[in-house]
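This report concerns only the one structure given below.
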Amino acid sequence: LAQPLARVLGGQLGAYIAHVHREHGVDLRLGARPPPSADVVAVGSVPRTGLAARSGLEVDRGIVVDGLGRTSAEGVFAAGDVTRFTHPLFETRIRVEHFQTAQRQGFAVGRAMAGAAEPYREVPWFWSDQYDLNLQYAGAGLPWDQTVMRGELGRPPFAVFYLSAGRLVAAVGINDHHNVARARRLMEAGKSVTPAQLEDPAFDLRRGLA
Ligand SMILES: Cc1cc2nc3c(=O)[nH]c(=O)nc-3n(C[C@H](O)[C@H](O)[C@H](O)COP(=O)(O)OP(=O)(O)OC[C@H]3O[C@@H](n4cnc5c(N)ncnc54)[C@H](O)[C@@H]3O)c2cc1C
């Protein structure tokens, strides 16, 4: 497997991550059948929507809900990994597999059940420590058409920002959690900065929040 995570992070960063693993003696393979000697097998996960579908709720690779967790049936709510929910910042439905999103979206849905009308609007985020590298990602894995690099690929710390039609939709940092956190705050505030500012290590992204 030459470029793991390529759909979300792009081929260049995927190739870098593959390189890091190979340097540590890990052989990455993509295939339907794991080799007999595999130590870790990534199989992915599938939302368990059978009960919802049999009950007549709208299902589309997850239980479809709006920003308040309302399903297609009046008075029936759903939250967590199993839902594909409308995200107000990205203006599309997303499904996330992360405990923090499941928990906080759940809080918002609980409040909505009690009458509040404030949708869950955090930008999904995760981190992963791999050897001496800390990888952090903020975004929803949505399509992008432009990437901007801050720093130098392969020389941590560095960050990559993902834009769609000029709008920041995701960020990843390798040993660069500050810039991921700042990009996340920019997205949540609906603020934009220019590609040149994203690229410039001297430009503090917090200035974009002003
Ligand atoms: C191996 C593994 C490692 C993970 N590591 C991380 C991590 O490091 N960090 C992170 O953020 N997230 C991690 N996750 C994801 C995290 O576990 C989920 O995001 C989180 O548990 C989602 O919470 P949830 O309440 O939406 O769903 P769940 O925790 O999956 O809870 C759903 C519950 O519903 C029950 N259920 C399903 N169908 C029915 C039914 N028909 N009737 C009654 N009950 C039913 C299930 O048994 C389950 O108890 C990991 C997941 C896995 C599988």
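Residues in the structure tokens are numbered from 1 in each chain, the chains being A, B, ... in the order shown, and ligands are numbered from 1 in the order shown.
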Requested in this report: Would you list the contacts of Val172 (chain A) as number ranges by chain, taking every protein, DNA or RNA residue within 12 Å and counting only C-alpha atoms, but skipping same-chain residues closer than 6 positions in sequence?
Outcome: A: 5, 8-10, 13-14, 124-128, 134-141, 147-150, 153, 156-163, 178-184
Only N, CA and C atoms, please: the residues just picked out, written as a compact mmCIF listing (two decimals), in the first residue's frame.
# COMPACT_ATOMS: atom_id res chain seq x y z
N LEU A 5 -4.43 6.53 3.57
CA LEU A 5 -5.12 7.78 3.91
C LEU A 5 -5.17 8.78 2.75
N VAL A 8 -8.31 11.12 2.11
CA VAL A 8 -8.53 12.22 3.06
C VAL A 8 -7.34 13.17 3.09
N LEU A 9 -6.13 12.63 3.11
CA LEU A 9 -4.95 13.48 3.32
C LEU A 9 -4.20 13.81 2.04
N GLY A 10 -4.52 13.11 0.96
CA GLY A 10 -3.80 13.35 -0.29
C GLY A 10 -2.65 12.36 -0.45
N LEU A 13 1.03 13.18 1.35
CA LEU A 13 1.11 12.92 2.79
C LEU A 13 0.91 11.43 3.07
N GLY A 14 0.02 10.80 2.28
CA GLY A 14 -0.16 9.36 2.43
C GLY A 14 1.15 8.62 2.19
N PRO A 124 -14.98 18.13 13.60
CA PRO A 124 -14.41 16.88 14.11
C PRO A 124 -12.88 16.93 14.15
N TRP A 125 -12.33 16.21 15.13
CA TRP A 125 -10.89 16.28 15.35
C TRP A 125 -10.42 14.93 15.87
N PHE A 126 -9.23 14.52 15.49
CA PHE A 126 -8.63 13.34 16.13
C PHE A 126 -7.12 13.47 16.13
N TRP A 127 -6.50 12.68 16.97
CA TRP A 127 -5.03 12.63 16.95
C TRP A 127 -4.59 11.18 17.03
N SER A 128 -3.35 10.96 16.60
CA SER A 128 -2.78 9.62 16.64
C SER A 128 -1.27 9.76 16.81
N ASN A 134 3.34 12.92 16.14
CA ASN A 134 1.96 13.14 16.57
C ASN A 134 1.20 13.69 15.37
N LEU A 135 0.19 12.93 14.93
CA LEU A 135 -0.62 13.36 13.79
C LEU A 135 -1.95 13.87 14.32
N GLN A 136 -2.31 15.08 13.95
CA GLN A 136 -3.61 15.61 14.35
C GLN A 136 -4.35 16.06 13.10
N TYR A 137 -5.66 15.85 13.12
CA TYR A 137 -6.49 16.20 11.96
C TYR A 137 -7.75 16.88 12.44
N ALA A 138 -8.10 17.97 11.80
CA ALA A 138 -9.38 18.63 12.06
C ALA A 138 -10.11 18.76 10.74
N GLY A 139 -11.33 18.29 10.70
CA GLY A 139 -12.10 18.33 9.46
C GLY A 139 -13.04 17.14 9.42
N ALA A 140 -13.71 16.99 8.30
CA ALA A 140 -14.71 15.94 8.21
C ALA A 140 -14.44 14.99 7.04
N GLY A 141 -13.19 14.99 6.56
CA GLY A 141 -12.86 14.07 5.47
C GLY A 141 -13.59 14.39 4.18
N THR A 147 -4.46 22.11 -1.77
CA THR A 147 -3.75 21.94 -0.51
C THR A 147 -2.69 23.03 -0.38
N VAL A 148 -2.44 23.41 0.87
CA VAL A 148 -1.40 24.39 1.15
C VAL A 148 -0.52 23.81 2.25
N MET A 149 0.77 23.82 2.04
CA MET A 149 1.72 23.27 3.00
C MET A 149 2.33 24.39 3.83
N ARG A 150 2.37 24.19 5.14
CA ARG A 150 3.13 25.11 6.01
C ARG A 150 4.29 24.31 6.56
N LEU A 153 7.24 19.18 3.76
CA LEU A 153 6.78 17.80 3.84
C LEU A 153 7.93 16.89 4.25
N PRO A 156 9.08 17.35 10.10
CA PRO A 156 8.20 17.85 11.16
C PRO A 156 8.91 18.90 12.02
N PRO A 157 8.18 19.90 12.53
CA PRO A 157 6.74 20.05 12.39
C PRO A 157 6.35 20.65 11.04
N PHE A 158 5.25 20.14 10.50
CA PHE A 158 4.67 20.77 9.31
C PHE A 158 3.17 20.51 9.31
N ALA A 159 2.46 21.30 8.53
CA ALA A 159 1.00 21.17 8.46
C ALA A 159 0.55 21.28 7.01
N VAL A 160 -0.56 20.63 6.73
CA VAL A 160 -1.18 20.75 5.40
C VAL A 160 -2.62 21.21 5.61
N PHE A 161 -3.00 22.22 4.85
CA PHE A 161 -4.37 22.73 4.92
C PHE A 161 -5.10 22.34 3.64
N TYR A 162 -6.38 22.02 3.79
CA TYR A 162 -7.18 21.54 2.65
C TYR A 162 -8.29 22.55 2.40
N LEU A 163 -8.39 23.00 1.16
CA LEU A 163 -9.40 23.99 0.81
C LEU A 163 -10.32 23.45 -0.28
N HIS A 178 -0.50 22.93 17.27
CA HIS A 178 -0.96 24.32 17.42
C HIS A 178 -1.70 24.79 16.16
N ASN A 179 -1.10 24.53 15.02
CA ASN A 179 -1.72 25.04 13.79
C ASN A 179 -3.00 24.29 13.44
N VAL A 180 -3.09 23.02 13.85
CA VAL A 180 -4.34 22.29 13.62
C VAL A 180 -5.44 22.89 14.51
N ALA A 181 -5.10 23.15 15.78
CA ALA A 181 -6.09 23.73 16.70
C ALA A 181 -6.53 25.11 16.21
N ARG A 182 -5.59 25.88 15.69
CA ARG A 182 -5.95 27.22 15.22
C ARG A 182 -6.79 27.15 13.95
N ALA A 183 -6.45 26.22 13.07
CA ALA A 183 -7.26 26.05 11.85
C ALA A 183 -8.67 25.60 12.22
N ARG A 184 -8.76 24.76 13.23
CA ARG A 184 -10.08 24.28 13.67
C ARG A 184 -10.92 25.45 14.18
Using 6 Å as the limit and counting only C-alpha atoms and all ligand atoms, can you tabulate each residue of chain A that touches ligand 1, with its shortest atom-to-atom distance in Å and the two atoms involved, as CSV?
residue,atom,partner,partner_atom_place_in_ligand_line,distance
A:Arg48,CA,ligand 1,38 (N),5.9
A:Leu51,CA,ligand 1,41 (N),5.5
A:Gly80,CA,ligand 1,26 (O),3.2
A:Asp81,CA,ligand 1,26 (O),3.9
A:Val82,CA,ligand 1,26 (O),5.9
A:Glu97,CA,ligand 1,19 (O),4.2
A:His98,CA,ligand 1,19 (O),3.3
A:Phe99,CA,ligand 1,19 (O),3.7
A:Gln100,CA,ligand 1,11 (O),5.8
A:Ala102,CA,ligand 1,26 (O),4.8
Write a file of the selected residues as a short mmCIF file (atom, residue, chain, number, x, y, z; two decimals), in the first residue's frame, keeping N, CA, C and O atoms.
data_model
loop_
_atom_site.label_atom_id
_atom_site.label_comp_id
_atom_site.auth_asym_id
_atom_site.auth_seq_id
_atom_site.Cartn_x
_atom_site.Cartn_y
_atom_site.Cartn_z
N ARG A 48 -24.51 0.15 12.31
CA ARG A 48 -25.53 -0.90 12.44
C ARG A 48 -26.91 -0.24 12.35
O ARG A 48 -27.48 0.18 13.35
N LEU A 51 -32.01 -1.91 12.51
CA LEU A 51 -33.22 -1.63 13.30
C LEU A 51 -33.89 -0.36 12.78
O LEU A 51 -35.12 -0.32 12.59
N GLY A 80 -24.62 9.97 17.62
CA GLY A 80 -23.44 9.10 17.72
C GLY A 80 -22.94 8.63 16.38
O GLY A 80 -23.38 9.08 15.32
N ASP A 81 -21.99 7.70 16.45
CA ASP A 81 -21.33 7.19 15.24
C ASP A 81 -22.31 6.71 14.18
O ASP A 81 -22.01 6.76 12.99
N VAL A 82 -23.45 6.21 14.62
CA VAL A 82 -24.38 5.58 13.68
C VAL A 82 -25.12 6.59 12.82
O VAL A 82 -25.75 6.22 11.83
N GLU A 97 -16.60 8.79 13.19
CA GLU A 97 -16.39 7.71 14.16
C GLU A 97 -15.35 8.19 15.16
O GLU A 97 -14.14 8.03 14.96
N HIS A 98 -15.81 8.85 16.19
CA HIS A 98 -14.90 9.39 17.21
C HIS A 98 -15.68 9.62 18.49
O HIS A 98 -16.78 10.16 18.46
N PHE A 99 -15.05 9.22 19.62
CA PHE A 99 -15.81 9.28 20.88
C PHE A 99 -16.23 10.71 21.21
O PHE A 99 -17.32 10.95 21.72
N GLN A 100 -15.36 11.69 20.92
CA GLN A 100 -15.66 13.07 21.33
C GLN A 100 -16.84 13.62 20.53
O GLN A 100 -17.72 14.30 21.08
N ALA A 102 -19.17 11.76 19.07
CA ALA A 102 -20.37 11.02 19.49
C ALA A 102 -20.92 11.61 20.80
O ALA A 102 -22.13 11.79 20.96
#
Query raised in the report: Contacts of Thr83 (chain A) at 6 Å or less, counting only C-alpha atoms, minus same-chain residues fewer than 3 places along, as a list in words?
Result: Gly62, Ile63, Val64, Ala79 and Gly80 of chain A
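Counting only C-alpha atoms and comparing A:Leu89, A:Ala116, A:Leu142, A:Ala170, the residue that lies closest to Glu188 (chain A) is A:Leu89.
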Report task. Mind listing the alpha helix (DSSP H) residues of chain A, per DSSP on the backbone, as a ChimeraX atom specification? Result -> /A:6-9,11-23,50-54,99-113,177-189,195-199
